[in-house]
$ cat target.json   # JSON, C-alpha atoms
[["chain", "number", "residue", "atom", "x", "y", "z"],
["K", 1001, "MET", "CA", 12.51, 45.58, 5.49],
["K", 1002, "LEU", "CA", 14.86, 46.57, 2.67],
["K", 1003, "SER", "CA", 11.98, 48.30, 0.87],
["K", 1004, "ALA", "CA", 11.13, 50.33, 3.99],
["K", 1005, "ASN", "CA", 14.74, 51.49, 4.37],
["K", 1006, "LEU", "CA", 14.91, 52.58, 0.74],
["K", 1007, "HIS", "CA", 12.19, 55.15, 1.45],
["K", 1008, "ARG", "CA", 14.08, 56.72, 4.36],
["K", 1009, "ARG", "CA", 16.43, 59.68, 4.18],
["K", 1010, "ARG", "CA", 20.13, 59.21, 4.79],
["K", 1011, "PHE", "CA", 21.53, 61.26, 7.64],
["K", 1012, "SER", "CA", 24.22, 62.65, 5.34],
["K", 1013, "ASP", "CA", 21.47, 64.07, 3.07],
["K", 1014, "LEU", "CA", 19.70, 66.08, 5.81],
["K", 1015, "SER", "CA", 19.92, 69.87, 5.78],
["K", 1016, "GLU", "CA", 20.97, 71.78, 8.89],
["K", 1017, "GLN", "CA", 17.34, 72.78, 9.44],
["K", 1018, "GLU", "CA", 16.27, 69.14, 9.27],
["K", 1019, "ILE", "CA", 19.02, 68.15, 11.70],
["K", 1020, "LEU", "CA", 17.74, 70.70, 14.21],
["K", 1021, "ALA", "CA", 14.16, 69.52, 13.68],
["K", 1022, "LEU", "CA", 15.24, 65.92, 14.21],
["K", 1023, "ALA", "CA", 17.04, 66.88, 17.42],
["K", 1024, "ILE", "CA", 13.91, 68.65, 18.69],
["K", 1025, "SER", "CA", 11.68, 65.61, 18.08],
["K", 1026, "ASN", "CA", 14.29, 63.33, 19.72],
["K", 1027, "GLU", "CA", 14.32, 65.45, 22.88],
["K", 1028, "GLU", "CA", 10.51, 65.46, 23.00],
["K", 1029, "ASP", "CA", 10.38, 61.67, 22.72],
["K", 1030, "ASP", "CA", 13.13, 61.08, 25.30],
["K", 1031, "ALA", "CA", 11.53, 63.42, 27.82],
["K", 1032, "ARG", "CA", 8.27, 61.47, 27.53],
["K", 1033, "ILE", "CA", 10.10, 58.17, 27.97],
["K", 1034, "TYR", "CA", 11.90, 59.37, 31.11],
["K", 1035, "ARG", "CA", 8.63, 60.59, 32.62],
["K", 1036, "GLN", "CA", 7.06, 57.20, 31.98],
["K", 1037, "TYR", "CA", 10.01, 55.50, 33.65],
["K", 1038, "ALA", "CA", 9.66, 57.88, 36.62],
["K", 1039, "GLU", "CA", 5.96, 57.09, 37.05],
["K", 1040, "HIS", "CA", 6.64, 53.37, 36.84],
["K", 1041, "LEU", "CA", 9.38, 53.55, 39.51],
["K", 1042, "ARG", "CA", 7.91, 56.19, 41.80],
["K", 1043, "GLU", "CA", 6.26, 53.91, 44.36],
["K", 1044, "GLU", "CA", 9.01, 51.31, 44.75],
["K", 1045, "PHE", "CA", 12.11, 53.35, 43.88],
["K", 1046, "PRO", "CA", 11.31, 57.01, 44.67],
["K", 1047, "SER", "CA", 14.95, 58.14, 44.48],
["K", 1048, "SER", "CA", 15.31, 56.67, 41.02],
["K", 1049, "ALA", "CA", 12.02, 58.25, 39.96],
["K", 1050, "LYS", "CA", 13.31, 61.66, 41.00],
["K", 1051, "VAL", "CA", 16.41, 61.15, 38.89],
["K", 1052, "PHE", "CA", 14.30, 60.39, 35.82],
["K", 1053, "ASP", "CA", 12.11, 63.42, 36.56],
["K", 1054, "GLY", "CA", 15.26, 65.54, 36.55],
["K", 1055, "MET", "CA", 16.51, 63.95, 33.34],
["K", 1056, "ALA", "CA", 13.14, 64.65, 31.68],
["K", 1057, "GLU", "CA", 13.36, 68.29, 32.76],
["K", 1058, "GLU", "CA", 16.83, 68.55, 31.26],
["K", 1059, "GLU", "CA", 15.56, 67.08, 27.99],
["K", 1060, "ASP", "CA", 12.84, 69.75, 28.04],
["K", 1061, "GLU", "CA", 15.52, 72.41, 28.47],
["K", 1062, "HIS", "CA", 17.50, 70.93, 25.58],
["K", 1063, "ARG", "CA", 14.37, 71.05, 23.43],
["K", 1064, "ARG", "CA", 13.81, 74.70, 24.39],
["K", 1065, "LEU", "CA", 17.37, 75.62, 23.41],
["K", 1066, "LEU", "CA", 17.04, 73.79, 20.10],
["K", 1067, "ILE", "CA", 13.74, 75.50, 19.28],
["K", 1068, "GLU", "CA", 15.27, 78.90, 20.04],
["K", 1069, "ALA", "CA", 18.21, 78.10, 17.74],
["K", 1070, "HIS", "CA", 15.77, 77.03, 15.01],
["K", 1071, "LYS", "CA", 13.76, 80.26, 15.36],
["K", 1072, "VAL", "CA", 16.88, 82.39, 15.05],
["K", 1073, "ARG", "CA", 18.12, 80.64, 11.92],
["K", 1074, "PHE", "CA", 15.05, 79.26, 10.13],
["K", 1075, "GLY", "CA", 11.92, 80.79, 11.65],
["K", 1076, "ASP", "CA", 8.97, 79.38, 13.59],
["K", 1077, "VAL", "CA", 7.93, 76.55, 11.26],
["K", 1078, "ILE", "CA", 9.76, 73.35, 12.26],
["K", 1079, "PRO", "CA", 9.83, 70.55, 9.65],
["K", 1080, "LEU", "CA", 8.23, 67.26, 10.70],
["K", 1081, "ILE", "CA", 11.03, 64.72, 10.78],
["K", 1082, "ARG", "CA", 11.45, 61.90, 13.26],
["K", 1083, "ARG", "CA", 14.02, 59.18, 13.85],
["K", 1084, "GLU", "CA", 11.98, 56.60, 11.93],
["K", 1085, "HIS", "CA", 12.32, 58.80, 8.82],
["K", 1086, "VAL", "CA", 16.14, 58.46, 8.80],
["K", 1087, "ALA", "CA", 17.88, 55.30, 7.56],
["K", 1088, "GLY", "CA", 19.99, 53.58, 10.20],
["K", 1089, "PHE", "CA", 18.85, 55.90, 12.97],
["K", 1090, "TYR", "CA", 18.71, 54.43, 16.45],
["K", 1091, "ALA", "CA", 15.30, 53.23, 17.65],
["K", 1092, "ARG", "CA", 13.89, 53.33, 21.15],
["K", 1093, "ARG", "CA", 12.60, 50.11, 22.66],
["K", 1094, "PRO", "CA", 8.89, 50.15, 23.61],
["K", 1095, "VAL", "CA", 8.49, 51.55, 27.12],
["K", 1096, "TRP", "CA", 6.16, 48.75, 28.19],
["K", 1097, "LEU", "CA", 8.79, 46.15, 27.27],
["K", 1098, "VAL", "CA", 11.53, 47.82, 29.31],
["K", 1099, "GLU", "CA", 9.23, 48.40, 32.29],
["K", 1100, "ASN", "CA", 8.31, 44.72, 32.38],
["K", 1101, "LEU", "CA", 12.00, 43.77, 32.59],
["K", 1102, "GLY", "CA", 12.56, 45.68, 35.84],
["K", 1103, "LEU", "CA", 14.87, 48.31, 37.31],
["K", 1104, "GLU", "CA", 18.15, 46.93, 35.95],
["K", 1105, "SER", "CA", 16.84, 46.96, 32.39],
["K", 1106, "ILE", "CA", 15.51, 50.49, 32.81],
["K", 1107, "ARG", "CA", 18.93, 51.66, 34.03],
["K", 1108, "ALA", "CA", 20.66, 49.95, 31.13],
["K", 1109, "GLU", "CA", 18.18, 51.40, 28.64],
["K", 1110, "ALA", "CA", 18.73, 54.91, 30.06],
["K", 1111, "ARG", "CA", 22.50, 54.57, 29.62],
["K", 1112, "GLU", "CA", 22.02, 53.38, 26.05],
["K", 1113, "MET", "CA", 19.62, 56.24, 25.27],
["K", 1114, "GLU", "CA", 22.12, 58.83, 26.47],
["K", 1115, "ARG", "CA", 24.98, 57.16, 24.62],
["K", 1116, "GLN", "CA", 22.99, 57.21, 21.38],
["K", 1117, "ALA", "CA", 21.94, 60.84, 21.92],
["K", 1118, "GLU", "CA", 25.54, 61.87, 22.57],
["K", 1119, "GLN", "CA", 26.66, 60.14, 19.39],
["K", 1120, "PHE", "CA", 23.89, 61.84, 17.41],
["K", 1121, "TYR", "CA", 24.84, 65.32, 18.66],
["K", 1122, "ARG", "CA", 28.52, 64.79, 17.86],
["K", 1123, "LYS", "CA", 27.65, 63.66, 14.32],
["K", 1124, "ALA", "CA", 25.20, 66.55, 13.98],
["K", 1125, "ALA", "CA", 27.81, 69.07, 15.14],
["K", 1126, "ASP", "CA", 30.22, 67.77, 12.50],
["K", 1127, "ARG", "CA", 27.57, 68.43, 9.82],
["K", 1128, "THR", "CA", 26.88, 72.01, 10.95],
["K", 1129, "THR", "CA", 28.66, 75.08, 9.57],
["K", 1130, "ASN", "CA", 27.01, 77.76, 11.72],
["K", 1131, "ALA", "CA", 29.22, 78.51, 14.73],
["K", 1132, "ASP", "CA", 26.40, 79.08, 17.24],
["K", 1133, "THR", "CA", 24.54, 75.92, 16.20],
["K", 1134, "ARG", "CA", 27.73, 73.89, 16.25],
["K", 1135, "LYS", "CA", 28.48, 75.12, 19.80],
["K", 1136, "LEU", "CA", 24.95, 74.28, 20.95],
["K", 1137, "LEU", "CA", 25.11, 70.76, 19.53],
["K", 1138, "GLY", "CA", 28.53, 70.19, 21.08],
["K", 1139, "ASP", "CA", 27.28, 71.38, 24.47],
["K", 1140, "LEU", "CA", 24.30, 69.04, 24.22],
["K", 1141, "ALA", "CA", 26.60, 66.13, 23.39],
["K", 1142, "ALA", "CA", 28.57, 66.85, 26.57],
["K", 1143, "ALA", "CA", 25.35, 67.07, 28.59],
["K", 1144, "GLU", "CA", 24.16, 63.71, 27.27],
["K", 1145, "ALA", "CA", 27.53, 62.18, 28.18],
["K", 1146, "ASP", "CA", 27.07, 63.46, 31.75],
["K", 1147, "HIS", "CA", 23.63, 61.85, 31.83],
["K", 1148, "ALA", "CA", 25.14, 58.51, 30.86],
["K", 1149, "HIS", "CA", 27.60, 58.68, 33.77],
["K", 1150, "VAL", "CA", 24.81, 59.60, 36.17],
["K", 1151, "ALA", "CA", 22.70, 56.66, 35.03],
["K", 1152, "GLY", "CA", 25.64, 54.31, 35.54],
["K", 1153, "ASP", "CA", 26.31, 55.65, 39.03],
["K", 1154, "LEU", "CA", 22.67, 55.26, 40.00],
["K", 1155, "GLU", "CA", 22.57, 51.67, 38.81],
["K", 1156, "ALA", "CA", 25.49, 50.81, 41.07],
["K", 1157, "GLN", "CA", 23.81, 52.63, 43.95],
["K", 1158, "HIS", "CA", 20.34, 51.10, 43.69],
["K", 1159, "LEU", "CA", 21.11, 47.61, 42.42],
["K", 1160, "ASP", "CA", 22.57, 44.96, 44.70],
["K", 1161, "GLU", "CA", 25.33, 43.75, 42.38],
["K", 1162, "ASP", "CA", 29.02, 44.22, 41.76],
["K", 1163, "ALA", "CA", 30.03, 47.19, 39.69],
["K", 1164, "ARG", "CA", 30.90, 46.38, 36.11],
["K", 1165, "GLN", "CA", 33.72, 47.89, 34.19],
["K", 1166, "THR", "CA", 32.48, 50.46, 31.71],
["K", 1167, "GLU", "CA", 34.89, 49.45, 29.00],
["K", 1168, "ASP", "CA", 33.93, 45.79, 29.31],
["K", 1169, "GLU", "CA", 30.25, 46.72, 29.01],
["K", 1170, "ALA", "CA", 30.91, 48.83, 25.94],
["K", 1171, "ALA", "CA", 32.99, 46.11, 24.28],
["K", 1172, "HIS", "CA", 30.41, 43.43, 25.03],
["K", 1173, "ARG", "CA", 27.56, 45.62, 23.76],
["K", 1174, "GLN", "CA", 29.42, 46.38, 20.55],
["K", 1175, "PHE", "CA", 30.18, 42.68, 20.02],
["K", 1176, "ILE", "CA", 26.50, 41.85, 20.38],
["K", 1177, "LEU", "CA", 25.37, 44.63, 18.03],
["K", 1178, "THR", "CA", 27.99, 44.07, 15.34],
["K", 1179, "TRP", "CA", 28.40, 40.30, 15.28],
["K", 1180, "VAL", "CA", 25.90, 38.34, 17.38],
["K", 1181, "GLN", "CA", 22.64, 40.02, 16.30],
["K", 1182, "PRO", "CA", 23.23, 39.92, 12.52],
["K", 1183, "GLY", "CA", 24.95, 36.53, 12.74],
["K", 1184, "LEU", "CA", 22.06, 35.04, 14.70],
["K", 1185, "ALA", "CA", 19.52, 36.50, 12.26],
["K", 1186, "GLY", "CA", 21.48, 34.96, 9.41],
["K", 1187, "LEU", "CA", 21.82, 31.58, 11.10],
["K", 1188, "MET", "CA", 18.09, 31.47, 11.78],
["K", 1189, "ASP", "CA", 17.23, 32.44, 8.22],
["K", 1190, "GLY", "CA", 19.69, 30.00, 6.67],
["K", 1191, "SER", "CA", 18.78, 27.10, 8.93],
["K", 1192, "VAL", "CA", 15.00, 27.49, 8.69],
["K", 1193, "SER", "CA", 14.27, 29.01, 5.29],
["K", 1194, "THR", "CA", 16.28, 26.38, 3.38],
["K", 1195, "LEU", "CA", 14.64, 23.40, 5.09],
["K", 1196, "ALA", "CA", 11.61, 23.28, 2.80],
["K", 1197, "PRO", "CA", 13.41, 23.44, -0.58],
["K", 1198, "ILE", "CA", 16.16, 21.02, 0.45],
["K", 1199, "PHE", "CA", 13.94, 18.32, 1.94],
["K", 1200, "ALA", "CA", 11.22, 18.79, -0.68],
["K", 1201, "THR", "CA", 13.85, 18.12, -3.34],
["K", 1202, "ALA", "CA", 15.25, 15.21, -1.35],
["K", 1203, "PHE", "CA", 11.94, 13.36, -0.97],
["K", 1204, "ALA", "CA", 10.74, 14.26, -4.45],
["K", 1205, "THR", "CA", 13.82, 13.03, -6.30],
["K", 1206, "GLN", "CA", 15.63, 10.80, -3.78],
["K", 1207, "ASP", "CA", 18.72, 11.89, -5.67],
["K", 1208, "THR", "CA", 21.49, 13.06, -3.37],
["K", 1209, "HIS", "CA", 23.44, 14.96, -6.03],
["K", 1210, "THR", "CA", 20.43, 17.00, -7.12],
["K", 1211, "THR", "CA", 19.48, 17.67, -3.50],
["K", 1212, "PHE", "CA", 22.99, 18.88, -2.72],
["K", 1213, "LEU", "CA", 22.99, 21.27, -5.69],
["K", 1214, "VAL", "CA", 19.61, 22.70, -4.68],
["K", 1215, "GLY", "CA", 20.80, 23.09, -1.08],
["K", 1216, "LEU", "CA", 24.03, 24.73, -2.19],
["K", 1217, "ALA", "CA", 22.20, 27.20, -4.44],
["K", 1218, "ALA", "CA", 19.59, 28.00, -1.78],
["K", 1219, "SER", "CA", 22.23, 28.53, 0.91],
["K", 1220, "VAL", "CA", 24.57, 30.71, -1.14],
["K", 1221, "GLY", "CA", 21.68, 32.72, -2.60],
["K", 1222, "ALA", "CA", 20.16, 33.32, 0.83],
["K", 1223, "GLY", "CA", 23.56, 34.28, 2.24],
["K", 1224, "ILE", "CA", 24.17, 36.88, -0.48],
["K", 1225, "SER", "CA", 20.66, 38.32, -0.04],
["K", 1226, "MET", "CA", 20.86, 38.53, 3.75],
["K", 1227, "GLY", "CA", 24.37, 39.99, 3.68],
["K", 1228, "PHE", "CA", 23.46, 42.80, 1.29],
["K", 1229, "THR", "CA", 20.19, 43.50, 3.11],
["K", 1230, "GLU", "CA", 21.92, 43.82, 6.48],
["K", 1231, "ALA", "CA", 24.65, 46.07, 5.10],
["K", 1232, "ALA", "CA", 22.24, 48.28, 3.16],
["K", 1233, "SER", "CA", 19.64, 48.68, 5.91],
["K", 1234, "ASP", "CA", 21.88, 50.56, 8.37],
["K", 1235, "ASP", "CA", 25.24, 52.26, 7.87],
["K", 1236, "GLY", "CA", 25.86, 52.15, 11.64],
["K", 1237, "GLU", "CA", 26.68, 55.87, 11.80],
["K", 1238, "LEU", "CA", 23.82, 56.74, 14.14],
["K", 1239, "SER", "CA", 22.66, 53.41, 15.53],
["K", 1240, "GLY", "CA", 26.12, 52.52, 16.83],
["K", 1241, "ARG", "CA", 25.77, 48.97, 15.50],
["K", 1242, "GLY", "CA", 29.19, 49.08, 13.92],
["K", 1243, "SER", "CA", 30.51, 48.63, 10.40],
["K", 1244, "PRO", "CA", 27.84, 47.61, 7.85],
["K", 1245, "VAL", "CA", 30.50, 45.53, 6.09],
["K", 1246, "LYS", "CA", 31.18, 43.50, 9.26],
["K", 1247, "ARG", "CA", 27.48, 43.06, 9.95],
["K", 1248, "GLY", "CA", 26.86, 42.12, 6.32],
["K", 1249, "PHE", "CA", 29.58, 39.49, 6.40],
["K", 1250, "ALA", "CA", 28.33, 38.11, 9.74],
["K", 1251, "SER", "CA", 24.78, 37.82, 8.47],
["K", 1252, "GLY", "CA", 25.69, 36.50, 5.02],
["K", 1253, "ILE", "CA", 28.23, 33.92, 6.20],
["K", 1254, "MET", "CA", 26.01, 32.58, 8.98],
["K", 1255, "THR", "CA", 23.04, 32.37, 6.60],
["K", 1256, "THR", "CA", 25.10, 30.33, 4.16],
["K", 1257, "LEU", "CA", 26.45, 28.05, 6.90],
["K", 1258, "GLY", "CA", 22.96, 27.56, 8.32],
["K", 1259, "GLY", "CA", 21.77, 26.20, 4.97],
["K", 1260, "LEU", "CA", 24.90, 24.23, 4.13],
["K", 1261, "GLY", "CA", 24.73, 22.36, 7.44],
["K", 1262, "HIS", "CA", 21.91, 20.15, 6.24],
["K", 1263, "ALA", "CA", 22.88, 20.29, 2.54],
["K", 1264, "LEU", "CA", 26.40, 18.85, 2.91],
["K", 1265, "PRO", "CA", 25.22, 15.40, 4.09],
["K", 1266, "TYR", "CA", 23.82, 14.89, 0.58],
["K", 1267, "LEU", "CA", 27.36, 14.52, -0.68],
["K", 1268, "ILE", "CA", 26.86, 10.98, 0.60],
["K", 1269, "THR", "CA", 25.52, 8.84, -2.21],
["K", 1270, "ASP", "CA", 23.18, 6.68, -0.12],
["K", 1271, "PHE", "CA", 19.89, 8.61, 0.15],
["K", 1272, "TRP", "CA", 18.64, 7.39, 3.53],
["K", 1273, "THR", "CA", 22.03, 7.69, 5.19],
["K", 1274, "ALA", "CA", 22.38, 11.25, 3.91],
["K", 1275, "THR", "CA", 18.81, 12.14, 4.95],
["K", 1276, "THR", "CA", 19.24, 10.72, 8.45],
["K", 1277, "ILE", "CA", 22.43, 12.70, 8.98],
["K", 1278, "ALA", "CA", 20.81, 15.85, 7.56],
["K", 1279, "ILE", "CA", 17.88, 15.54, 10.00],
["K", 1280, "LEU", "CA", 20.31, 15.14, 12.91],
["K", 1281, "VAL", "CA", 22.20, 18.24, 11.74],
["K", 1282, "VAL", "CA", 18.93, 20.20, 11.61],
["K", 1283, "PHE", "CA", 18.17, 19.13, 15.17],
["K", 1284, "VAL", "CA", 21.59, 20.37, 16.37],
["K", 1285, "GLU", "CA", 21.28, 23.64, 14.38],
["K", 1286, "LEU", "CA", 17.90, 24.56, 15.82],
["K", 1287, "TRP", "CA", 18.90, 23.89, 19.42],
["K", 1288, "ALA", "CA", 22.14, 25.82, 18.90],
["K", 1289, "ILE", "CA", 20.07, 28.83, 17.79],
["K", 1290, "VAL", "CA", 17.89, 28.49, 20.90],
["K", 1291, "TRP", "CA", 21.00, 28.45, 23.10],
["K", 1292, "ILE", "CA", 22.47, 31.54, 21.38],
["K", 1293, "GLN", "CA", 19.20, 33.45, 21.75],
["K", 1294, "ASN", "CA", 18.96, 32.54, 25.41],
["K", 1295, "ARG", "CA", 22.64, 33.18, 26.15],
["K", 1296, "PHE", "CA", 23.34, 36.40, 24.27],
["K", 1297, "MET", "CA", 19.93, 37.96, 23.55],
["K", 1298, "GLN", "CA", 18.28, 37.11, 26.91],
["K", 1299, "THR", "CA", 15.34, 35.51, 25.10],
["K", 1300, "PRO", "CA", 13.38, 33.27, 27.51],
["K", 1301, "PHE", "CA", 14.19, 29.63, 26.81],
["K", 1302, "MET", "CA", 10.61, 28.51, 26.17],
["K", 1303, "ARG", "CA", 9.91, 31.43, 23.85],
["K", 1304, "ALA", "CA", 13.07, 30.75, 21.87],
["K", 1305, "THR", "CA", 12.13, 27.08, 21.65],
["K", 1306, "LEU", "CA", 8.69, 27.88, 20.29],
["K", 1307, "GLN", "CA", 10.06, 30.38, 17.80],
["K", 1308, "VAL", "CA", 12.91, 28.28, 16.47],
["K", 1309, "VAL", "CA", 12.43, 24.56, 17.10],
["K", 1310, "VAL", "CA", 8.68, 24.42, 16.57],
["K", 1311, "GLY", "CA", 8.90, 26.78, 13.60],
["K", 1312, "GLY", "CA", 11.75, 24.81, 12.06],
["K", 1313, "ALA", "CA", 9.88, 21.54, 12.57],
["K", 1314, "LEU", "CA", 6.87, 22.94, 10.74],
["K", 1315, "VAL", "CA", 9.00, 24.13, 7.83],
["K", 1316, "PHE", "CA", 10.73, 20.74, 7.66],
["K", 1317, "ALA", "CA", 7.37, 18.93, 7.72],
["K", 1318, "ALA", "CA", 6.07, 21.18, 4.93],
["K", 1319, "GLY", "CA", 9.08, 20.40, 2.75],
["K", 1320, "ALA", "CA", 8.85, 16.65, 3.42],
["K", 1321, "LEU", "CA", 5.11, 16.54, 2.71],
["K", 1322, "ILE", "CA", 5.42, 18.57, -0.48],
["K", 1323, "GLY", "CA", 8.33, 16.47, -1.70],
["K", 1324, "GLY", "CA", 6.71, 13.21, -0.69],
["K", 1325, "GLY", "CA", 3.48, 14.15, -2.41]]

$ encode --input "target.json" --output "structure tokens"
Amino acid sequence: MLSANLHRRRFSDLSEQEILALAISNEEDDARIYRQYAEHLREEFPSSAKVFDGMAEEEDEHRRLLIEAHKVRFGDVIPLIRREHVAGFYARRPVWLVENLGLESIRAEAREMERQAEQFYRKAADRTTNADTRKLLGDLAAAEADHAHVAGDLEAQHLDEDARQTEDEAAHRQFILTWVQPGLAGLMDGSVSTLAPIFATAFATQDTHTTFLVGLAASVGAGISMGFTEAASDDGELSGRGSPVKRGFASGIMTTLGGLGHALPYLITDFWTATTIAILVVFVELWAIVWIQNRFMQTPFMRATLQVVVGGALVFAAGALIGGG
């Protein structure tokens, strides 16, 4: 993942022509997504489908305005640049995944799309020196903000649930993006990836001091690696995921703690006592990860169990077999 990000352009390095080209491709993609949502909802939720049709038409109009601005300033040839070419740029979830999650998820995804687009246009306007282009980008940011309010109003209208406070939603979303996601990734990496070296060393040497040193080195090393990778992969400027320093610390610290959990018992001098406690700690760690995934990331319980507990058990078994052999 780090290698892929190193080959992407930074948003701050894009020229004004490239920023316009990126905006054009974004509007094309978003219009297609809204039309797919409309077709998916048309039979069961015709009013909602009409809203998405209208939003797609507005994205088409935005694209037309952007193309006209590009022609005036840079000519007819538009550079090929898309969001996946820019480091840290927001990504759209696959349409099929959102459709399968139902109307509420589609509404939430639409709000998030407009929020990200608004943020992009405001950042783009700040990078632009031409007065006409700056005005256009600012107007588009305001239009995307209006879309976000419309999507929120429609969710309250069509969904049978209590209205949620916008500020609470924004705060919760930011907490998930900045702390929970990178922290969970780190905890999973630290808890699972260090199982094999720690228990292989334990069963190979049956020396608690050596096992603790290997576990300590593996945990700290993995924490440093994960922390720097998370911070370097996305500066948060466009994705809205928050400070890379915060995310790096969350990922790095949780990775280290995930590995230290089953390394610390080897401070006990008796090998089998330490190993028994370490295995119990692993059991608690893996189920804690399953609970976090289910609670905060809405991952189905059985899927999370298969991903984490079964995967962790296999890694543990591999380490024990290698060390015992």

$ residues_around --input "target.json" --residues "stretch 1057-1074 of chain K" --least-positions-apart "4" --cutoff "12 Å" --atoms "all atoms listed in the file" --output "ChimeraX atom specification"
/K:1015-1035,1038,1050-1053,1078-1079,1113-1114,1117,1121,1130-1144,1146-1147

$ residues_around --input "target.json" --residues "K:Val1086" --least-positions-apart "4" --cutoff "8 Å" --atoms "all atoms listed in the file" --output "MDAnalysis selection string"
chainID K and resid 1008:1011 1082

$ atom_distance --input "target.json" --atom1 "atom CA of K:Ala1320" --atom2 "atom CA of K:Gly1215"
14.3 Å

$ atom_distance --input "target.json" --atom1 "atom CA of K:Leu1177" --atom2 "atom CA of K:Gly1252"
15.3 Å

$ closest_residue --input "target.json" --among "K:Tyr1037, K:Ile1081, K:Ile1289, K:Gln1119" --to "K:Pro1094" --atoms "only C-alpha atoms"
K:Tyr1037

$ closest_residue --input "target.json" --among "K:Ala1218, K:Ala1145, K:Val1095, K:Val1180" --to "K:Leu1257" --atoms "all atoms listed in the file"
K:Ala1218

$ atom_distance --input "target.json" --atom1 "atom CA of K:Ala1108" --atom2 "atom CA of K:Gly1183"
23.2 Å

$ residues_around --input "target.json" --residues "K:Thr1194" --least-positions-apart "3" --cutoff "6 Å" --atoms "only C-alpha atoms" --output "list of chain:residue names"
K:Gly1190, K:Pro1197, K:Gly1259

$ residues_around --input "target.json" --residues "stretch 1307-1313 of chain K" --least-positions-apart "5" --cutoff "9 Å" --atoms "all atoms listed in the file" --output "MDAnalysis selection string"
chainID K and resid 1188 1191:1193 1195 1282:1283 1286:1287 1289:1290 1302 1318

$ closest_residue --input "target.json" --among "K:Arg1127, K:Asp1189, K:Trp1272, K:Gln1116" --to "K:Ser1219" --atoms "only C-alpha atoms"
K:Asp1189

$ axis_aligned_box --input "target.json" --around "stretch 1076-1080 of chain K" --padding-each-side "8 Å" --output "JSON"
{"center_x": 8.9, "center_y": 73.3, "center_z": 11.6, "size_x": 17.9, "size_y": 28.1, "size_z": 19.9}

$ residues_around --input "target.json" --residues "K:Ala1278" --least-positions-apart "5" --cutoff "12 Å" --atoms "all atoms listed in the file" --output "NGL selection string"
:K and (1191 or 1195 or 1198-1199 or 1202 or 1208 or 1211-1212 or 1215 or 1258-1268 or 1271-1273 or 1283-1285 or 1316)

$ closest_residue --input "target.json" --among "K:Ser1047, K:Thr1128, K:Ser1225, K:Ser1233" --to "K:Leu1014" --atoms "only C-alpha atoms"
K:Thr1128

$ closest_residue --input "target.json" --among "K:Arg1115, K:Arg1122, K:Ala1110, K:Ala1091" --to "K:Met1055" --atoms "only C-alpha atoms"
K:Ala1110

$ closest_residue --input "target.json" --among "K:Ile1277, K:Thr1255, K:Ala1200, K:Thr1299" --to "K:Val1315" --atoms "all atoms listed in the file"
K:Ala1200
